[in-house]
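**Q** Structure: structure.cif, mmCIF, C-alpha atoms.
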data_input
loop_
_atom_site.label_atom_id
_atom_site.label_comp_id
_atom_site.auth_asym_id
_atom_site.auth_seq_id
_atom_site.Cartn_x
_atom_site.Cartn_y
_atom_site.Cartn_z
CA MET K 1 53.98 70.55 55.05
CA ALA K 2 51.92 72.60 57.48
CA TRP K 3 54.76 74.45 59.11
CA PHE K 4 55.69 76.15 55.80
CA LYS K 5 52.32 77.91 55.92
CA ARG K 6 52.66 79.13 59.46
CA ASP K 7 51.44 82.68 59.81
CA LYS K 8 54.32 84.87 61.00
CA THR K 9 51.91 87.11 62.85
CA THR K 10 51.36 84.30 65.34
CA LEU K 11 54.99 84.34 66.44
CA THR K 12 55.36 85.45 70.05
CA ILE K 13 57.74 88.18 71.13
CA GLN K 14 59.85 85.54 72.85
CA GLU K 15 60.28 83.66 69.56
CA GLU K 16 61.21 86.77 67.60
CA LYS K 17 63.96 88.09 69.87
CA MET K 18 67.20 86.50 70.99
CA GLU K 19 67.31 86.05 74.74
CA LEU K 20 70.60 87.25 76.23
CA PRO K 21 71.73 87.33 79.86
CA ASP K 22 71.60 90.72 81.55
CA GLY K 23 74.87 92.66 81.61
CA LEU K 24 76.46 90.76 78.73
CA TRP K 25 76.57 93.80 76.44
CA ILE K 26 77.32 97.47 77.11
CA LYS K 27 76.52 100.44 74.86
CA CYS K 28 79.26 103.02 74.48
CA PRO K 29 77.86 106.41 75.57
CA ASN K 30 80.11 108.18 73.07
CA CYS K 31 79.56 106.29 69.79
CA ASN K 32 76.58 104.04 70.73
CA GLU K 33 78.47 100.93 69.69
CA VAL K 34 77.21 97.80 71.47
CA LEU K 35 80.21 96.13 73.08
CA TYR K 36 80.70 92.64 74.44
CA LYS K 37 81.47 93.16 78.13
CA LYS K 38 84.21 90.54 78.38
CA GLU K 39 86.03 92.02 75.38
CA LEU K 40 85.61 95.50 76.85
CA GLU K 41 87.12 94.30 80.13
CA LYS K 42 90.10 92.83 78.27
CA ASN K 43 90.53 96.20 76.60
CA LEU K 44 90.68 97.90 80.03
CA TYR K 45 87.18 99.35 79.58
CA VAL K 46 88.17 101.40 76.56
CA CYS K 47 85.75 101.35 73.62
CA MET K 48 87.19 99.30 70.76
CA LYS K 49 85.55 101.57 68.17
CA CYS K 50 85.99 105.17 69.38
CA ASP K 51 88.53 104.82 72.23
CA TYR K 52 86.12 106.20 74.81
CA HIS K 53 87.41 105.59 78.35
CA PHE K 54 84.64 104.19 80.53
CA ARG K 55 84.63 105.20 84.18
CA ILE K 56 86.11 102.32 86.19
CA THR K 57 86.38 101.37 89.85
CA SER K 58 89.27 101.48 92.30
CA ASP K 59 89.58 97.69 91.96
CA ASP K 60 90.05 98.08 88.20
CA TYR K 61 92.85 100.61 88.64
CA ILE K 62 94.59 98.29 91.10
CA ARG K 63 94.45 95.48 88.52
CA ILE K 64 95.86 97.82 85.86
CA LEU K 65 98.68 99.43 87.85
CA ALA K 66 99.81 97.20 90.71
CA ASP K 67 102.39 94.49 90.10
CA ASP K 68 100.72 91.08 90.50
CA LYS K 69 97.54 93.05 91.33
CA GLU K 70 98.81 93.30 94.93
CA PHE K 71 97.64 96.31 96.93
CA GLN K 72 98.22 96.57 100.67
CA GLU K 73 95.51 98.94 101.86
CA PHE K 74 95.83 101.01 105.03
CA ASN K 75 93.31 103.08 107.00
CA ALA K 76 90.56 101.08 105.30
CA ASN K 77 88.22 101.16 108.28
CA ILE K 78 87.97 104.92 108.78
CA GLN K 79 84.36 105.98 108.22
CA SER K 80 82.51 109.28 108.01
CA THR K 81 80.15 110.38 110.74
CA ASP K 82 77.27 112.85 110.48
CA PRO K 83 78.38 115.79 112.66
CA LEU K 84 75.75 118.15 111.23
CA LYS K 85 72.87 115.64 111.29
CA PHE K 86 72.34 116.65 107.68
CA LYS K 87 69.19 115.75 105.80
CA ASP K 88 67.99 116.62 102.32
CA SER K 89 65.83 114.12 100.44
CA LYS K 90 67.26 111.53 102.83
CA LYS K 91 69.52 111.48 105.86
CA TYR K 92 73.26 111.72 105.25
CA ALA K 93 73.78 108.78 107.59
CA ASP K 94 71.48 106.71 105.35
CA ARG K 95 73.39 107.80 102.24
CA LEU K 96 76.62 106.62 103.82
CA LYS K 97 75.14 103.24 104.70
CA GLN K 98 73.74 102.85 101.20
CA ALA K 99 77.07 103.76 99.57
CA MET K 100 78.93 101.30 101.78
CA THR K 101 76.48 98.53 100.92
CA ILE K 102 76.56 99.14 97.17
CA THR K 103 80.33 99.61 96.80
CA ASN K 104 81.67 97.49 99.67
CA LEU K 105 83.89 100.49 100.47
CA THR K 106 84.03 102.65 103.56
CA GLU K 107 84.83 105.92 101.78
CA ALA K 108 85.39 107.57 98.40
CA ILE K 109 89.16 107.03 98.46
CA ARG K 110 91.34 104.00 99.05
CA THR K 111 94.98 104.32 100.09
CA GLY K 112 97.73 101.74 100.29
CA PHE K 113 101.07 100.42 99.06
CA CYS K 114 101.88 98.75 95.77
CA HIS K 115 104.69 98.35 93.25
CA ILE K 116 104.67 99.71 89.71
CA HIS K 117 107.24 97.67 87.80
CA ARG K 118 109.03 97.07 91.12
CA ILE K 119 109.05 100.73 92.12
CA PRO K 120 107.26 101.06 95.48
CA VAL K 121 104.64 103.80 95.73
CA VAL K 122 101.94 105.01 98.05
CA LEU K 123 98.80 104.85 95.92
CA GLY K 124 95.50 106.65 96.48
CA ILE K 125 92.48 105.88 94.31
CA MET K 126 89.20 107.76 94.41
CA ASP K 127 86.06 105.80 93.55
CA PHE K 128 83.21 107.73 91.95
CA ARG K 129 80.66 105.10 92.98
CA PHE K 130 80.86 106.30 96.60
CA ILE K 131 78.61 109.40 96.70
CA GLY K 132 80.08 110.69 93.46
CA GLY K 133 83.64 110.49 94.76
CA SER K 134 82.87 113.52 96.90
CA MET K 135 85.49 114.78 99.35
CA GLY K 136 84.41 114.77 102.98
CA SER K 137 86.49 114.92 106.13
CA VAL K 138 87.49 111.25 105.92
CA VAL K 139 88.68 111.58 102.32
CA GLY K 140 90.85 114.50 103.41
CA GLU K 141 92.13 112.56 106.42
CA LYS K 142 92.97 109.44 104.41
CA PHE K 143 94.74 111.53 101.76
CA SER K 144 96.75 113.35 104.45
CA ARG K 145 97.72 110.08 106.10
CA ALA K 146 98.84 108.76 102.71
CA VAL K 147 101.10 111.80 102.34
CA ASN K 148 102.51 111.15 105.83
CA MET K 149 103.13 107.52 104.91
CA ALA K 150 104.96 108.53 101.74
CA ILE K 151 107.18 110.87 103.77
CA GLU K 152 107.83 108.19 106.39
CA LYS K 153 108.81 105.55 103.83
CA LYS K 154 110.40 108.00 101.38
CA TRP K 155 108.24 106.67 98.58
CA PRO K 156 106.55 108.54 95.71
CA LEU K 157 102.85 109.37 96.02
CA VAL K 158 100.46 108.60 93.16
CA VAL K 159 96.80 109.61 93.42
CA ILE K 160 93.99 108.91 90.95
CA SER K 161 91.16 111.44 91.20
CA ALA K 162 87.51 110.97 90.23
CA SER K 163 85.19 113.32 92.05
CA GLY K 164 82.22 115.63 91.89
CA GLY K 165 83.89 117.92 94.44
CA ALA K 166 83.47 118.69 98.14
CA ARG K 167 80.71 116.79 99.94
CA MET K 168 77.87 119.22 100.62
CA GLN K 169 76.49 117.12 103.50
CA GLU K 170 79.56 118.03 105.54
CA SER K 171 79.51 121.74 104.67
CA ALA K 172 82.57 123.58 106.09
CA PHE K 173 84.10 120.31 107.29
CA SER K 174 84.51 119.23 103.67
CA LEU K 175 85.77 122.63 102.52
CA MET K 176 88.51 122.55 105.16
CA GLN K 177 89.94 119.46 103.47
CA MET K 178 91.09 121.61 100.58
CA ALA K 179 93.50 123.49 102.84
CA LYS K 180 94.41 120.37 104.83
CA THR K 181 95.41 118.25 101.82
CA SER K 182 97.28 121.16 100.22
CA ALA K 183 99.25 121.78 103.41
CA HIS K 184 100.28 118.12 103.61
CA LEU K 185 101.44 118.21 99.99
CA ALA K 186 103.68 121.13 100.92
CA LEU K 187 105.34 118.84 103.48
CA LEU K 188 105.79 116.21 100.77
CA ALA K 189 107.49 118.82 98.58
CA GLU K 190 109.78 119.81 101.46
CA ALA K 191 110.77 116.15 101.75
CA LYS K 192 111.65 116.26 98.01
CA LEU K 193 109.35 113.36 97.22
CA PRO K 194 107.41 113.22 93.93
CA TYR K 195 103.64 113.47 93.71
CA ILE K 196 101.97 112.32 90.49
CA SER K 197 98.31 113.26 90.09
CA ILE K 198 96.12 111.36 87.62
CA LEU K 199 92.84 113.02 86.61
CA THR K 200 90.00 110.84 85.35
CA HIS K 201 86.44 111.52 84.27
CA PRO K 202 85.18 113.54 86.06
CA THR K 203 87.49 115.52 88.34
CA THR K 204 85.68 118.64 89.48
CA GLY K 205 84.88 121.02 92.34
CA GLY K 206 86.95 121.20 95.52
CA VAL K 207 89.13 118.23 94.53
CA THR K 208 90.24 120.09 91.39
CA ALA K 209 90.73 123.21 93.49
CA SER K 210 93.11 121.38 95.84
CA PHE K 211 95.17 118.22 95.68
CA SER K 212 94.36 116.96 92.18
CA MET K 213 95.97 120.01 90.51
CA LEU K 214 99.02 120.19 92.78
CA GLY K 215 100.99 117.31 91.32
CA ASP K 216 104.61 117.58 90.27
CA VAL K 217 103.31 115.84 87.16
CA ILE K 218 99.62 116.07 86.26
CA ILE K 219 98.32 113.30 84.02
CA ALA K 220 94.85 113.15 82.47
CA GLU K 221 92.95 110.36 80.78
CA PRO K 222 91.63 111.22 77.29
CA LYS K 223 88.47 113.34 77.08
CA ALA K 224 88.02 113.51 80.85
CA LEU K 225 85.91 116.34 82.27
CA ILE K 226 88.18 118.45 84.48
CA GLY K 227 87.23 121.75 86.07
CA PHE K 228 85.88 123.56 89.09
CA ALA K 229 82.34 124.68 88.26
CA GLY K 230 80.43 122.94 85.48
CA PRO K 231 80.26 124.36 81.94
CA ARG K 232 76.58 125.29 82.31
CA VAL K 233 77.26 127.33 85.47
CA ILE K 234 80.23 129.10 83.87
CA LYS K 235 78.26 129.93 80.75
CA GLN K 236 75.44 131.41 82.82
CA THR K 237 77.92 133.39 84.92
CA ILE K 238 79.93 135.00 82.12
CA GLY K 239 77.05 135.16 79.63
CA GLN K 240 79.14 133.83 76.76
CA ASP K 241 79.35 130.66 74.74
CA LEU K 242 82.23 128.40 75.73
CA PRO K 243 84.90 127.11 73.31
CA ASP K 244 84.58 123.65 71.82
CA GLY K 245 85.99 120.97 74.11
CA PHE K 246 85.97 123.32 77.10
CA GLN K 247 87.09 121.55 80.33
CA LYS K 248 88.10 118.38 78.49
CA SER K 249 91.58 116.93 78.95
CA GLU K 250 92.72 118.03 75.49
CA PHE K 251 91.62 121.62 76.10
CA LEU K 252 93.44 121.73 79.44
CA LEU K 253 96.60 120.28 77.92
CA GLN K 254 96.54 122.95 75.21
CA HIS K 255 96.22 125.67 77.86
CA GLY K 256 98.87 124.30 80.21
CA PHE K 257 96.71 122.97 83.04
CA VAL K 258 97.80 119.34 82.62
CA ASP K 259 101.19 118.01 81.57
CA ILE K 260 100.29 114.95 79.56
CA ILE K 261 97.33 112.87 78.40
CA ILE K 262 97.93 109.14 78.69
CA HIS K 263 95.82 106.34 77.26
CA ARG K 264 94.75 103.83 79.87
CA LYS K 265 96.61 101.01 78.11
CA GLU K 266 99.87 102.97 78.44
CA LEU K 267 99.32 104.31 81.95
CA LYS K 268 101.42 101.81 83.87
CA GLU K 269 104.39 102.02 81.49
CA LYS K 270 104.32 105.82 81.43
CA LEU K 271 104.08 105.97 85.22
CA PHE K 272 107.12 103.71 85.46
CA GLN K 273 109.05 106.00 83.09
CA LEU K 274 108.10 109.08 85.10
CA LEU K 275 108.93 107.48 88.45
CA SER K 276 112.28 106.34 87.08
CA PHE K 277 113.30 109.97 86.49
CA PHE K 278 113.12 110.82 90.18
CA PRO K 279 116.26 110.17 92.29
CA VAL K 280 114.06 108.83 95.09
CA GLU K 281 113.61 105.56 93.24
CA LYS K 282 116.84 103.83 94.35
CA ALA K 283 116.50 104.87 97.97
CA ALA K 284 112.88 103.81 97.97
CA ALA K 285 113.73 100.43 96.52
CA VAL K 286 116.15 99.76 99.37
CA THR K 287 113.53 100.83 101.92
CA ALA K 288 110.96 98.63 100.20
CA ALA K 289 113.17 95.56 100.39
CA GLN K 290 113.48 96.08 104.14
CA THR K 291 109.93 97.03 105.09
CA TYR K 292 107.40 96.05 102.43
#
As structure tokens, what does this structure read like?

**A**
Amino acid sequence: MAWFKRDKTTLTIQEEKMELPDGLWIKCPNCNEVLYKKELEKNLYVCMKCDYHFRITSDDYIRILADDKEFQEFNANIQSTDPLKFKDSKKYADRLKQAMTITNLTEAIRTGFCHIHRIPVVLGIMDFRFIGGSMGSVVGEKFSRAVNMAIEKKWPLVVISASGGARMQESAFSLMQMAKTSAHLALLAEAKLPYISILTHPTTGGVTASFSMLGDVIIAEPKALIGFAGPRVIKQTIGQDLPDGFQKSEFLLQHGFVDIIIHRKELKEKLFQLLSFFPVEKAAAVTAAQTY
């Protein structure tokens, strides 16, 4: 039969390779394992082979933490302006428009109400997709309003950080947010309300130097990069090699900068356990039944 004698060199590229839809598989950046996207999603975007925690969106964290995936967002329409008319390789105003279009968000943080195993909380979630999760004046304002809301309702505050630091396009306006957010957290402490800070990969710069490291309990995801300046800058500054694992969650836990490292699959349960320790829970539950 003629087809048995077919010359393999005549096979086309299309015949030799298996055609797969785009986005069906994802390669783990840590172990290079090729992962089926739907299975990865079921596993909360944690690599099934090496346990690497992929960076995820604010929507993903809402699905993981919020009861019935319900999140009542507030101050969603506040947007940054361009007070300095800043321009580098492109106009800052254009960067904002592009980020809004790509992410369908108005800023790098979302704030709102949700329940974690029936405990009401004010939840803030930074989203790295929006200009690297950078902190500008609106991020600082939304965070501060979230603190005020927690004080008003007498609810705990939980914030998930993912940021490259202060937003350079806003210069001093962004740097002032470090003091502003820290001052509001002092008011939260005076009200004797708990603040739980969750650090994800990466949490750096002015965010690390302000609200992300001021939690009553500081949680980190495994192997997250956490620090102020990057390792390369620090190495050049001090002129010395850095220890293995420098600025990773495990290194910070060993040196007392974070309280606990929690796997993403256990995050909701551990948060519930932590929130249950605080006496505010019962009072908050009564308030929630009346107002939420």

**Q** Go through the shown structure with the PyMOL selection byres ((chain K and resi 202) around 8) and write out the matching residues as a PDB file with C-alpha atoms, keeping the file's coordinate frame.

**A**
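Output (result-v4.pdb):
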ATOM      1  CA  ALA K 162      87.510 110.970  90.230  1.00  0.00           C
ATOM      2  CA  SER K 163      85.190 113.320  92.050  1.00  0.00           C
ATOM      3  CA  GLY K 164      82.220 115.630  91.890  1.00  0.00           C
ATOM      4  CA  LEU K 199      92.840 113.020  86.610  1.00  0.00           C
ATOM      5  CA  THR K 200      90.000 110.840  85.350  1.00  0.00           C
ATOM      6  CA  HIS K 201      86.440 111.520  84.270  1.00  0.00           C
ATOM      7  CA  THR K 203      87.490 115.520  88.340  1.00  0.00           C
ATOM      8  CA  THR K 204      85.680 118.640  89.480  1.00  0.00           C
ATOM      9  CA  ALA K 224      88.020 113.510  80.850  1.00  0.00           C
ATOM     10  CA  LEU K 225      85.910 116.340  82.270  1.00  0.00           C
ATOM     11  CA  ILE K 226      88.180 118.450  84.480  1.00  0.00           C
TER      12      ILE K 226
END

**Q** Between atom CA of K:Thr101 and atom CA of K:Glu73, what is the distance in Å, rounded to a tenth?

**A**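 We find that atom CA of K:Thr101 and atom CA of K:Glu73 lie 19.1 Å from each other.
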
**Q** With distances taken over only C-alpha atoms, which of K:Lys49, K:Tyr36, K:Ile119, K:Thr57 is nearest to K:Gln273?

**A** K:Ile119

**Q** Tell me which of K:Lys97, K:Arg118, K:Lys154, K:Lys265 sits closest to K:Leu193, counting only C-alpha atoms.

**A**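 Under the stated criterion, the closest residue is K:Lys154.
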
**Q** May I ask for the distance between atom CA of K:Ile198 and atom CA of K:Met126, given in Å to one decimal place?

**A**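 The value is 10.3 Å.
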
**Q** Can you work out the spacing between atom CA of K:Phe211 and atom CA of K:Met100 in Å, to one decimal?

**A** 24.2 Å

**Q** Of the candidates K:Ala172, K:Ala166, K:Ala99, K:Ile260, which one gets nearest to K:Phe228 if we count only C-alpha atoms?

**A**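 The closest residue to K:Phe228 is K:Ala166.
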
**Q** From the list K:Val233, K:Ile196, K:Glu170, K:Ser276, which residue is nearest K:Phe86 when using all atoms listed in the file?

**A**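 Selected residue with least distance to K:Phe86: K:Glu170.
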
**Q** As a ChimeraX atom specification, please: the residues near stretch 105-113 of chain K (cut-off 8 Å, all atoms listed in the file, same-chain neighbours under 3 positions excluded).

**A** /K:58,71-80,99-101,120-135,138-139,142-143,146

**Q** Go ahead and save the residues from that selection, with C-alpha atoms, as a PDB file, in the frame of the given file.

**A**
ATOM      1  CA  SER K  58      89.270 101.480  92.300  1.00  0.00           C
ATOM      2  CA  PHE K  71      97.640  96.310  96.930  1.00  0.00           C
ATOM      3  CA  GLN K  72      98.220  96.570 100.670  1.00  0.00           C
ATOM      4  CA  GLU K  73      95.510  98.940 101.860  1.00  0.00           C
ATOM      5  CA  PHE K  74      95.830 101.010 105.030  1.00  0.00           C
ATOM      6  CA  ASN K  75      93.310 103.080 107.000  1.00  0.00           C
ATOM      7  CA  ALA K  76      90.560 101.080 105.300  1.00  0.00           C
ATOM      8  CA  ASN K  77      88.220 101.160 108.280  1.00  0.00           C
ATOM      9  CA  ILE K  78      87.970 104.920 108.780  1.00  0.00           C
ATOM     10  CA  GLN K  79      84.360 105.980 108.220  1.00  0.00           C
ATOM     11  CA  SER K  80      82.510 109.280 108.010  1.00  0.00           C
ATOM     12  CA  ALA K  99      77.070 103.760  99.570  1.00  0.00           C
ATOM     13  CA  MET K 100      78.930 101.300 101.780  1.00  0.00           C
ATOM     14  CA  THR K 101      76.480  98.530 100.920  1.00  0.00           C
ATOM     15  CA  PRO K 120     107.260 101.060  95.480  1.00  0.00           C
ATOM     16  CA  VAL K 121     104.640 103.800  95.730  1.00  0.00           C
ATOM     17  CA  VAL K 122     101.940 105.010  98.050  1.00  0.00           C
ATOM     18  CA  LEU K 123      98.800 104.850  95.920  1.00  0.00           C
ATOM     19  CA  GLY K 124      95.500 106.650  96.480  1.00  0.00           C
ATOM     20  CA  ILE K 125      92.480 105.880  94.310  1.00  0.00           C
ATOM     21  CA  MET K 126      89.200 107.760  94.410  1.00  0.00           C
ATOM     22  CA  ASP K 127      86.060 105.800  93.550  1.00  0.00           C
ATOM     23  CA  PHE K 128      83.210 107.730  91.950  1.00  0.00           C
ATOM     24  CA  ARG K 129      80.660 105.100  92.980  1.00  0.00           C
ATOM     25  CA  PHE K 130      80.860 106.300  96.600  1.00  0.00           C
ATOM     26  CA  ILE K 131      78.610 109.400  96.700  1.00  0.00           C
ATOM     27  CA  GLY K 132      80.080 110.690  93.460  1.00  0.00           C
ATOM     28  CA  GLY K 133      83.640 110.490  94.760  1.00  0.00           C
ATOM     29  CA  SER K 134      82.870 113.520  96.900  1.00  0.00           C
ATOM     30  CA  MET K 135      85.490 114.780  99.350  1.00  0.00           C
ATOM     31  CA  VAL K 138      87.490 111.250 105.920  1.00  0.00           C
ATOM     32  CA  VAL K 139      88.680 111.580 102.320  1.00  0.00           C
ATOM     33  CA  LYS K 142      92.970 109.440 104.410  1.00  0.00           C
ATOM     34  CA  PHE K 143      94.740 111.530 101.760  1.00  0.00           C
ATOM     35  CA  ALA K 146      98.840 108.760 102.710  1.00  0.00           C
TER      36      ALA K 146
END

**Q** Compile the contact shell of K:Arg232 as an MDAnalysis selection string: residues with an atom at most 12 Å away, counting all atoms listed in the file, same-chain residues fewer than 6 positions apart removed.

**A** chainID K and resid 238:242 246:247

**Q** Contacts of K:Leu65 at 10 Å or less, counting all atoms listed in the file, minus same-chain residues fewer than 5 places along, as a PyMOL selection string?

**A** chain K and resi 60+70-71+114-117+123+264+267-269+271-272

**Q** Closest to K:Glu39 among K:Arg55, K:Ile262, K:Arg95, K:Leu24, using only C-alpha atoms?

**A**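 The closest residue to K:Glu39 is K:Leu24.
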
**Q** Taking all atoms listed in the file into account, name the residue in K:Ile261, K:Asp68, K:Cys31, K:Met176 that is nearest to K:Glu221.

**A** K:Ile261

**Q** With 3 Å on each side, where is the centre of the axis-aligned box around all listed atoms of stretch 35-40 of chain K, and how long are its edges in Å to one decimal, as JSON?

**A**
{"center_x": 83.1, "center_y": 93.3, "center_z": 75.7, "size_x": 11.8, "size_y": 11.6, "size_z": 11.3}

**Q** Residues picked by the PyMOL selection byres ((chain K and resi 210) around 9) here, as a compact mmCIF listing (two decimals) with C-alpha atoms, in the frame of the given file?

**A**
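Result file out_30.txt:
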# COMPACT_ATOMS: atom_id res chain seq x y z
CA GLN K 177 89.94 119.46 103.47
CA MET K 178 91.09 121.61 100.58
CA ALA K 179 93.50 123.49 102.84
CA THR K 181 95.41 118.25 101.82
CA SER K 182 97.28 121.16 100.22
CA GLY K 205 84.88 121.02 92.34
CA GLY K 206 86.95 121.20 95.52
CA VAL K 207 89.13 118.23 94.53
CA THR K 208 90.24 120.09 91.39
CA ALA K 209 90.73 123.21 93.49
CA PHE K 211 95.17 118.22 95.68
CA SER K 212 94.36 116.96 92.18
CA MET K 213 95.97 120.01 90.51
CA LEU K 214 99.02 120.19 92.78
